[in-house]
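Data block for coords_38.txt (compact mmCIF, N, CA and C atoms):
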```
# COMPACT_ATOMS: atom_id res chain seq x y z
N MET A 18 -12.60 -6.35 38.82
CA MET A 18 -12.91 -5.64 37.59
C MET A 18 -11.90 -6.04 36.51
N LYS A 19 -12.40 -6.38 35.34
CA LYS A 19 -11.53 -6.74 34.24
C LYS A 19 -10.96 -5.47 33.63
N LYS A 20 -9.68 -5.52 33.37
CA LYS A 20 -9.03 -4.38 32.74
C LYS A 20 -8.38 -4.84 31.45
N TYR A 21 -8.59 -4.06 30.41
CA TYR A 21 -8.02 -4.35 29.10
C TYR A 21 -6.85 -3.40 28.86
N LEU A 22 -5.83 -3.92 28.23
CA LEU A 22 -4.61 -3.15 28.04
C LEU A 22 -4.00 -3.45 26.69
N ILE A 23 -3.52 -2.41 26.04
CA ILE A 23 -2.66 -2.56 24.87
C ILE A 23 -1.30 -2.03 25.26
N LYS A 24 -0.30 -2.85 25.11
CA LYS A 24 1.07 -2.41 25.30
C LYS A 24 1.61 -2.00 23.94
N LYS A 25 2.18 -0.84 23.89
CA LYS A 25 2.83 -0.37 22.68
C LYS A 25 1.90 -0.15 21.49
N LEU A 26 1.01 0.76 21.61
CA LEU A 26 0.22 1.21 20.46
C LEU A 26 1.11 2.20 19.72
N TYR A 27 1.52 1.87 18.49
CA TYR A 27 2.48 2.68 17.76
C TYR A 27 2.29 2.52 16.26
N SER A 28 3.05 3.26 15.51
CA SER A 28 3.00 3.18 14.05
C SER A 28 4.39 2.83 13.52
N VAL A 29 4.41 2.44 12.26
CA VAL A 29 5.67 2.17 11.57
C VAL A 29 5.60 2.86 10.21
N GLY A 30 6.77 3.04 9.60
CA GLY A 30 6.80 3.57 8.24
C GLY A 30 6.32 2.50 7.26
N ASN A 31 5.81 2.93 6.14
CA ASN A 31 5.37 2.01 5.09
C ASN A 31 6.35 2.11 3.93
N PRO A 32 7.20 1.09 3.75
CA PRO A 32 8.21 1.17 2.69
C PRO A 32 7.61 1.26 1.29
N ASP A 33 6.35 0.84 1.12
CA ASP A 33 5.70 0.98 -0.19
C ASP A 33 5.59 2.45 -0.61
N PHE A 34 5.59 3.35 0.38
CA PHE A 34 5.50 4.78 0.11
C PHE A 34 6.77 5.51 0.54
N GLN A 35 7.89 4.80 0.56
CA GLN A 35 9.19 5.35 0.95
C GLN A 35 9.16 5.99 2.34
N GLN A 36 8.41 5.39 3.25
CA GLN A 36 8.36 5.84 4.64
C GLN A 36 9.18 4.84 5.48
N TYR A 37 10.21 5.33 6.11
CA TYR A 37 11.08 4.43 6.86
C TYR A 37 11.17 4.79 8.34
N ALA A 38 10.34 5.69 8.77
CA ALA A 38 10.30 6.09 10.18
C ALA A 38 8.85 6.03 10.66
N PRO A 39 8.66 5.90 11.97
CA PRO A 39 7.29 5.90 12.50
C PRO A 39 6.55 7.19 12.15
N ILE A 40 5.24 7.09 12.05
CA ILE A 40 4.40 8.23 11.73
C ILE A 40 4.01 8.99 13.00
N SER A 41 3.70 8.26 14.06
CA SER A 41 3.29 8.90 15.32
C SER A 41 4.52 9.23 16.16
N ASP A 42 4.30 10.04 17.20
CA ASP A 42 5.41 10.50 18.04
C ASP A 42 6.11 9.38 18.78
N SER A 43 5.34 8.55 19.47
CA SER A 43 5.98 7.54 20.31
C SER A 43 5.00 6.39 20.56
N LYS A 44 5.42 5.49 21.45
CA LYS A 44 4.58 4.34 21.79
C LYS A 44 3.69 4.68 22.97
N TYR A 45 2.45 4.17 22.92
CA TYR A 45 1.48 4.46 23.96
C TYR A 45 0.98 3.17 24.58
N ASN A 46 0.74 3.19 25.88
CA ASN A 46 0.01 2.12 26.55
C ASN A 46 -1.41 2.63 26.76
N VAL A 47 -2.39 1.77 26.49
CA VAL A 47 -3.79 2.18 26.60
C VAL A 47 -4.50 1.19 27.52
N LYS A 48 -5.23 1.72 28.52
CA LYS A 48 -5.99 0.88 29.46
C LYS A 48 -7.43 1.33 29.48
N THR A 49 -8.35 0.37 29.50
CA THR A 49 -9.77 0.68 29.63
C THR A 49 -10.45 -0.44 30.42
N ALA A 50 -11.68 -0.17 30.83
CA ALA A 50 -12.47 -1.18 31.53
C ALA A 50 -13.27 -2.05 30.56
N LYS A 51 -13.51 -1.54 29.34
CA LYS A 51 -14.31 -2.28 28.35
C LYS A 51 -13.53 -2.44 27.06
N LEU A 52 -13.73 -3.58 26.42
CA LEU A 52 -13.08 -3.85 25.15
C LEU A 52 -13.55 -2.87 24.07
N SER A 53 -14.82 -2.50 24.10
CA SER A 53 -15.34 -1.55 23.12
C SER A 53 -14.67 -0.18 23.26
N GLU A 54 -14.36 0.23 24.49
CA GLU A 54 -13.66 1.50 24.71
C GLU A 54 -12.24 1.42 24.15
N LEU A 55 -11.63 0.27 24.31
CA LEU A 55 -10.28 0.08 23.79
C LEU A 55 -10.29 0.16 22.27
N ARG A 56 -11.27 -0.46 21.64
CA ARG A 56 -11.40 -0.39 20.18
C ARG A 56 -11.56 1.06 19.73
N ASP A 57 -12.39 1.82 20.43
CA ASP A 57 -12.59 3.23 20.08
C ASP A 57 -11.30 4.02 20.18
N LYS A 58 -10.51 3.74 21.18
CA LYS A 58 -9.23 4.43 21.35
C LYS A 58 -8.26 4.07 20.22
N VAL A 59 -8.27 2.81 19.81
CA VAL A 59 -7.43 2.38 18.70
C VAL A 59 -7.85 3.10 17.42
N ARG A 60 -9.16 3.15 17.15
CA ARG A 60 -9.65 3.83 15.96
C ARG A 60 -9.33 5.33 15.99
N ASN A 61 -9.46 5.96 17.15
CA ASN A 61 -9.11 7.37 17.29
C ASN A 61 -7.63 7.61 17.03
N TYR A 62 -6.80 6.70 17.52
CA TYR A 62 -5.35 6.80 17.30
C TYR A 62 -5.04 6.73 15.80
N ILE A 63 -5.67 5.79 15.10
CA ILE A 63 -5.46 5.65 13.66
C ILE A 63 -5.90 6.92 12.93
N GLU A 64 -7.05 7.43 13.29
CA GLU A 64 -7.56 8.64 12.64
C GLU A 64 -6.72 9.87 12.97
N TRP A 65 -6.33 10.02 14.24
CA TRP A 65 -5.56 11.19 14.66
C TRP A 65 -4.24 11.28 13.89
N TRP A 66 -3.57 10.14 13.75
CA TRP A 66 -2.27 10.13 13.07
C TRP A 66 -2.40 9.86 11.57
N ASN A 67 -3.61 9.73 11.07
CA ASN A 67 -3.87 9.50 9.65
C ASN A 67 -3.08 8.30 9.13
N LEU A 68 -3.20 7.18 9.84
CA LEU A 68 -2.44 5.98 9.51
C LEU A 68 -3.17 5.14 8.48
N GLY A 69 -2.42 4.53 7.59
CA GLY A 69 -2.95 3.53 6.69
C GLY A 69 -2.67 2.15 7.27
N SER A 70 -3.20 1.14 6.65
CA SER A 70 -3.01 -0.22 7.19
C SER A 70 -1.55 -0.63 7.17
N GLY A 71 -0.75 -0.10 6.25
CA GLY A 71 0.67 -0.42 6.21
C GLY A 71 1.47 0.25 7.30
N ASN A 72 0.87 1.25 7.97
CA ASN A 72 1.54 1.95 9.07
C ASN A 72 1.12 1.44 10.44
N PHE A 73 0.21 0.48 10.47
CA PHE A 73 -0.41 0.10 11.74
C PHE A 73 -0.15 -1.38 12.06
N PRO A 74 0.85 -1.66 12.89
CA PRO A 74 1.05 -3.05 13.32
C PRO A 74 -0.05 -3.45 14.30
N PRO A 75 -0.65 -4.62 14.14
CA PRO A 75 -1.76 -5.02 15.02
C PRO A 75 -1.33 -5.09 16.49
N PRO A 76 -1.97 -4.29 17.35
CA PRO A 76 -1.57 -4.29 18.76
C PRO A 76 -2.19 -5.46 19.53
N ASN A 77 -1.36 -6.11 20.34
CA ASN A 77 -1.86 -7.19 21.20
C ASN A 77 -2.70 -6.61 22.32
N VAL A 78 -3.74 -7.34 22.71
CA VAL A 78 -4.66 -6.92 23.77
C VAL A 78 -4.54 -7.91 24.93
N TYR A 79 -4.42 -7.37 26.14
CA TYR A 79 -4.30 -8.17 27.35
C TYR A 79 -5.48 -7.89 28.27
N ARG A 80 -5.95 -8.91 28.96
CA ARG A 80 -6.97 -8.75 29.99
C ARG A 80 -6.40 -9.37 31.25
N ASN A 81 -6.31 -8.57 32.29
CA ASN A 81 -5.72 -9.03 33.55
C ASN A 81 -4.39 -9.73 33.32
N HIS A 82 -3.53 -9.11 32.50
CA HIS A 82 -2.17 -9.56 32.21
C HIS A 82 -2.10 -10.81 31.35
N LYS A 83 -3.20 -11.24 30.76
CA LYS A 83 -3.21 -12.42 29.90
C LYS A 83 -3.53 -11.99 28.47
N LEU A 84 -2.71 -12.45 27.52
CA LEU A 84 -2.93 -12.12 26.12
C LEU A 84 -4.22 -12.76 25.64
N ILE A 85 -5.12 -11.93 25.08
CA ILE A 85 -6.41 -12.47 24.61
C ILE A 85 -6.64 -12.27 23.12
N GLY A 86 -5.87 -11.42 22.45
CA GLY A 86 -6.07 -11.22 21.03
C GLY A 86 -5.41 -9.94 20.54
N HIS A 87 -5.88 -9.45 19.39
CA HIS A 87 -5.37 -8.21 18.84
C HIS A 87 -6.45 -7.52 18.01
N PHE A 88 -6.23 -6.24 17.75
CA PHE A 88 -7.11 -5.47 16.87
C PHE A 88 -6.47 -5.36 15.50
N SER A 89 -7.28 -5.51 14.46
CA SER A 89 -6.80 -5.26 13.11
C SER A 89 -7.06 -3.80 12.76
N TYR A 90 -6.57 -3.38 11.61
CA TYR A 90 -6.66 -1.98 11.19
C TYR A 90 -8.11 -1.49 11.14
N ASN A 91 -9.04 -2.34 10.75
CA ASN A 91 -10.44 -1.92 10.62
C ASN A 91 -11.20 -1.92 11.95
N GLY A 92 -10.51 -2.20 13.06
CA GLY A 92 -11.13 -2.16 14.37
C GLY A 92 -11.70 -3.49 14.84
N ARG A 93 -11.56 -4.52 14.03
CA ARG A 93 -12.08 -5.83 14.45
C ARG A 93 -11.14 -6.44 15.48
N PHE A 94 -11.74 -7.06 16.48
CA PHE A 94 -10.96 -7.76 17.50
C PHE A 94 -10.86 -9.24 17.13
N TRP A 95 -9.65 -9.73 17.12
CA TRP A 95 -9.38 -11.14 16.80
C TRP A 95 -8.88 -11.84 18.06
N ARG A 96 -9.60 -12.85 18.49
CA ARG A 96 -9.18 -13.62 19.65
C ARG A 96 -7.93 -14.41 19.33
N SER A 97 -7.05 -14.55 20.30
CA SER A 97 -5.74 -15.16 20.06
C SER A 97 -5.84 -16.62 19.65
N ARG A 98 -6.85 -17.34 20.05
CA ARG A 98 -6.94 -18.75 19.70
C ARG A 98 -7.18 -18.96 18.21
N TYR A 99 -7.68 -17.92 17.52
CA TYR A 99 -7.91 -18.02 16.09
C TYR A 99 -6.73 -17.52 15.26
N HIS A 100 -6.00 -16.57 15.79
CA HIS A 100 -4.91 -15.94 15.04
C HIS A 100 -3.67 -15.86 15.90
N GLU A 101 -3.12 -16.97 16.23
CA GLU A 101 -1.98 -17.01 17.14
C GLU A 101 -0.73 -16.40 16.54
N ASN A 102 -0.62 -16.32 15.22
CA ASN A 102 0.57 -15.76 14.61
C ASN A 102 0.78 -14.30 14.98
N TYR A 103 -0.31 -13.53 15.15
CA TYR A 103 -0.18 -12.13 15.51
C TYR A 103 0.02 -11.92 17.01
N CYS A 104 -0.20 -12.93 17.79
CA CYS A 104 -0.24 -12.74 19.25
C CYS A 104 0.94 -13.43 19.93
N LYS A 105 2.10 -13.26 19.40
CA LYS A 105 3.29 -13.85 20.03
C LYS A 105 4.11 -12.79 20.69
```

Is it possible to express this structure as structure tokens?
Amino acid sequence: MKKYLIKKLYSVGNPDFQQYAPISDSKYNVKTAKLSELRDKVRNYIEWWNLGSGNFPPPNVYRNHKLIGHFSYNGRFWRSRYHENYCK
């Protein structure tokens, strides 16, 4: 069974709005069996903490311990072969 994982789903302060501390409580690891479920959890996290794009660092996504991409603020999944700068 393929398992999808995000290590360290978290927020950061947005210096454009004089925010210098994280918005959410702490860092979360998220595991699901489907990529769509993982996306939904990311979107729920953003909504729950009322995060803007400046507060949301793109989380890397792993499948069976292999980096495969990341989610952007709008919930789009970007495969690592296209956007390697975010997946280091």

Box for stretch 93-98 of chain A - axis-aligned, 4 Å on each of the six sides, all listed atoms - centre and size in Å to one decimal, as AutoDock Vina command-line options.
```
--center_x -8.9 --center_y -11.7 --center_z 17.2 --size_x 14.3 --size_y 22.4 --size_z 14.3
```

Rank nothing, just name the residue among A:Lys48, A:Gly71, A:Lys20, A:Trp95 nearest to A:Asp33, using only N, CA and C atoms.
->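 Counting only N, CA and C atoms, the residue closest to A:Asp33 is A:Gly71.
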
Once DSSP has gone over the backbone, tell me which residues of stretch 18-103 of chain A are in strand (DSSP E or B), as a PyMOL selection string.
-> chain A and resi 21-26+45-49+77-80+83-88+94-96

Within 8 Å of stretch 35-41 of chain A using all atoms listed in the file, minus same-chain residues under 6 positions, as a PyMOL selection string = chain A and resi 27-29+66-68+72

Write a file of the selected residues as a compact mmCIF listing (two decimals), keeping the file's coordinate frame, keeping N, CA and C atoms.
```txt
# COMPACT_ATOMS: atom_id res chain seq x y z
N TYR A 27 1.52 1.87 18.49
CA TYR A 27 2.48 2.68 17.76
C TYR A 27 2.29 2.52 16.26
N SER A 28 3.05 3.26 15.51
CA SER A 28 3.00 3.18 14.05
C SER A 28 4.39 2.83 13.52
N VAL A 29 4.41 2.44 12.26
CA VAL A 29 5.67 2.17 11.57
C VAL A 29 5.60 2.86 10.21
N TRP A 66 -3.57 10.14 13.75
CA TRP A 66 -2.27 10.13 13.07
C TRP A 66 -2.40 9.86 11.57
N ASN A 67 -3.61 9.73 11.07
CA ASN A 67 -3.87 9.50 9.65
C ASN A 67 -3.08 8.30 9.13
N LEU A 68 -3.20 7.18 9.84
CA LEU A 68 -2.44 5.98 9.51
C LEU A 68 -3.17 5.14 8.48
N ASN A 72 0.87 1.25 7.97
CA ASN A 72 1.54 1.95 9.07
C ASN A 72 1.12 1.44 10.44
```

What is the distance, in Å and to one decimal place, between atom N of A:Arg56 and atom CA of A:Gly69?
->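 So the two atoms, atom N of A:Arg56 and atom CA of A:Gly69, lie 17.6 Å apart.
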
In Å to one decimal, how far is atom CA of A:Tyr90 from atom CA of A:Glu54?
->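 A separation of 15.6 Å between them.
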
Residue set, chain A restricted to helix (DSSP H, G or I), as number ranges by chain = A: 32-34, 52-65, 70-72, 101-103

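One distance worth recording is that between atom C of A:Ser89 and atom C of A:Phe34, which is 20.7 Å.
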
Name all residues at most 6 Å from A:Pro76 (count only N, CA and C atoms; drop same-chain ones fewer than 3 positions away) and give them as a VMD selection string.
-> chain A and resid 86 to 88

Could you save those same residues with N, CA and C atoms as a compact mmCIF listing (two decimals), keeping the file's coordinate frame?
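Okay, part.txt is ready:
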```
# COMPACT_ATOMS: atom_id res chain seq x y z
N GLY A 86 -5.87 -11.42 22.45
CA GLY A 86 -6.07 -11.22 21.03
C GLY A 86 -5.41 -9.94 20.54
N HIS A 87 -5.88 -9.45 19.39
CA HIS A 87 -5.37 -8.21 18.84
C HIS A 87 -6.45 -7.52 18.01
N PHE A 88 -6.23 -6.24 17.75
CA PHE A 88 -7.11 -5.47 16.87
C PHE A 88 -6.47 -5.36 15.50
```

Identify which of the residues A:Arg60, A:Lys83, A:Lys25, A:Arg98 lies closest to A:Tyr45, counting all atoms listed in the file when measuring atom-to-atom distances.
->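 So, comparing all the options, the nearest one is A:Lys25.
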
Proximity to A:Val59 - best of A:His82, A:Tyr21, A:Gly92, A:Asn77, all atoms listed in the file =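 Of the candidates, the smallest distance to A:Val59 is held by A:Gly92.
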
Quick one: everything within 8 Å of A:Ile85, counting all atoms listed in the file, minus sequence neighbours fewer than 5 positions away in the same chain. Send it as JSON, numbers by chain.
-> {"A": [77, 78, 79, 80, 94, 95, 96, 97, 98, 104]}

Restricting the output to N, CA and C atoms, write the selected residues as a PDB file, in the coordinates of the input.
```pdb
ATOM      1  N   ASN A  77      -1.360  -6.110  20.340  1.00  0.00           N
ATOM      2  CA  ASN A  77      -1.860  -7.190  21.200  1.00  0.00           C
ATOM      3  C   ASN A  77      -2.700  -6.610  22.320  1.00  0.00           C
ATOM      4  N   VAL A  78      -3.740  -7.340  22.710  1.00  0.00           N
ATOM      5  CA  VAL A  78      -4.660  -6.920  23.770  1.00  0.00           C
ATOM      6  C   VAL A  78      -4.540  -7.910  24.930  1.00  0.00           C
ATOM      7  N   TYR A  79      -4.420  -7.370  26.140  1.00  0.00           N
ATOM      8  CA  TYR A  79      -4.300  -8.170  27.350  1.00  0.00           C
ATOM      9  C   TYR A  79      -5.480  -7.890  28.270  1.00  0.00           C
ATOM     10  N   ARG A  80      -5.950  -8.910  28.960  1.00  0.00           N
ATOM     11  CA  ARG A  80      -6.970  -8.750  29.990  1.00  0.00           C
ATOM     12  C   ARG A  80      -6.400  -9.370  31.250  1.00  0.00           C
ATOM     13  N   PHE A  94     -11.740  -7.060  16.480  1.00  0.00           N
ATOM     14  CA  PHE A  94     -10.960  -7.760  17.500  1.00  0.00           C
ATOM     15  C   PHE A  94     -10.860  -9.240  17.130  1.00  0.00           C
ATOM     16  N   TRP A  95      -9.650  -9.730  17.120  1.00  0.00           N
ATOM     17  CA  TRP A  95      -9.380 -11.140  16.800  1.00  0.00           C
ATOM     18  C   TRP A  95      -8.880 -11.840  18.060  1.00  0.00           C
ATOM     19  N   ARG A  96      -9.600 -12.850  18.490  1.00  0.00           N
ATOM     20  CA  ARG A  96      -9.180 -13.620  19.650  1.00  0.00           C
ATOM     21  C   ARG A  96      -7.930 -14.410  19.330  1.00  0.00           C
ATOM     22  N   SER A  97      -7.050 -14.550  20.300  1.00  0.00           N
ATOM     23  CA  SER A  97      -5.740 -15.160  20.060  1.00  0.00           C
ATOM     24  C   SER A  97      -5.840 -16.620  19.650  1.00  0.00           C
ATOM     25  N   ARG A  98      -6.850 -17.340  20.050  1.00  0.00           N
ATOM     26  CA  ARG A  98      -6.940 -18.750  19.700  1.00  0.00           C
ATOM     27  C   ARG A  98      -7.180 -18.960  18.210  1.00  0.00           C
ATOM     28  N   CYS A 104      -0.200 -12.930  17.790  1.00  0.00           N
ATOM     29  CA  CYS A 104      -0.240 -12.740  19.250  1.00  0.00           C
ATOM     30  C   CYS A 104       0.940 -13.430  19.930  1.00  0.00           C
TER      31      CYS A 104
END
```
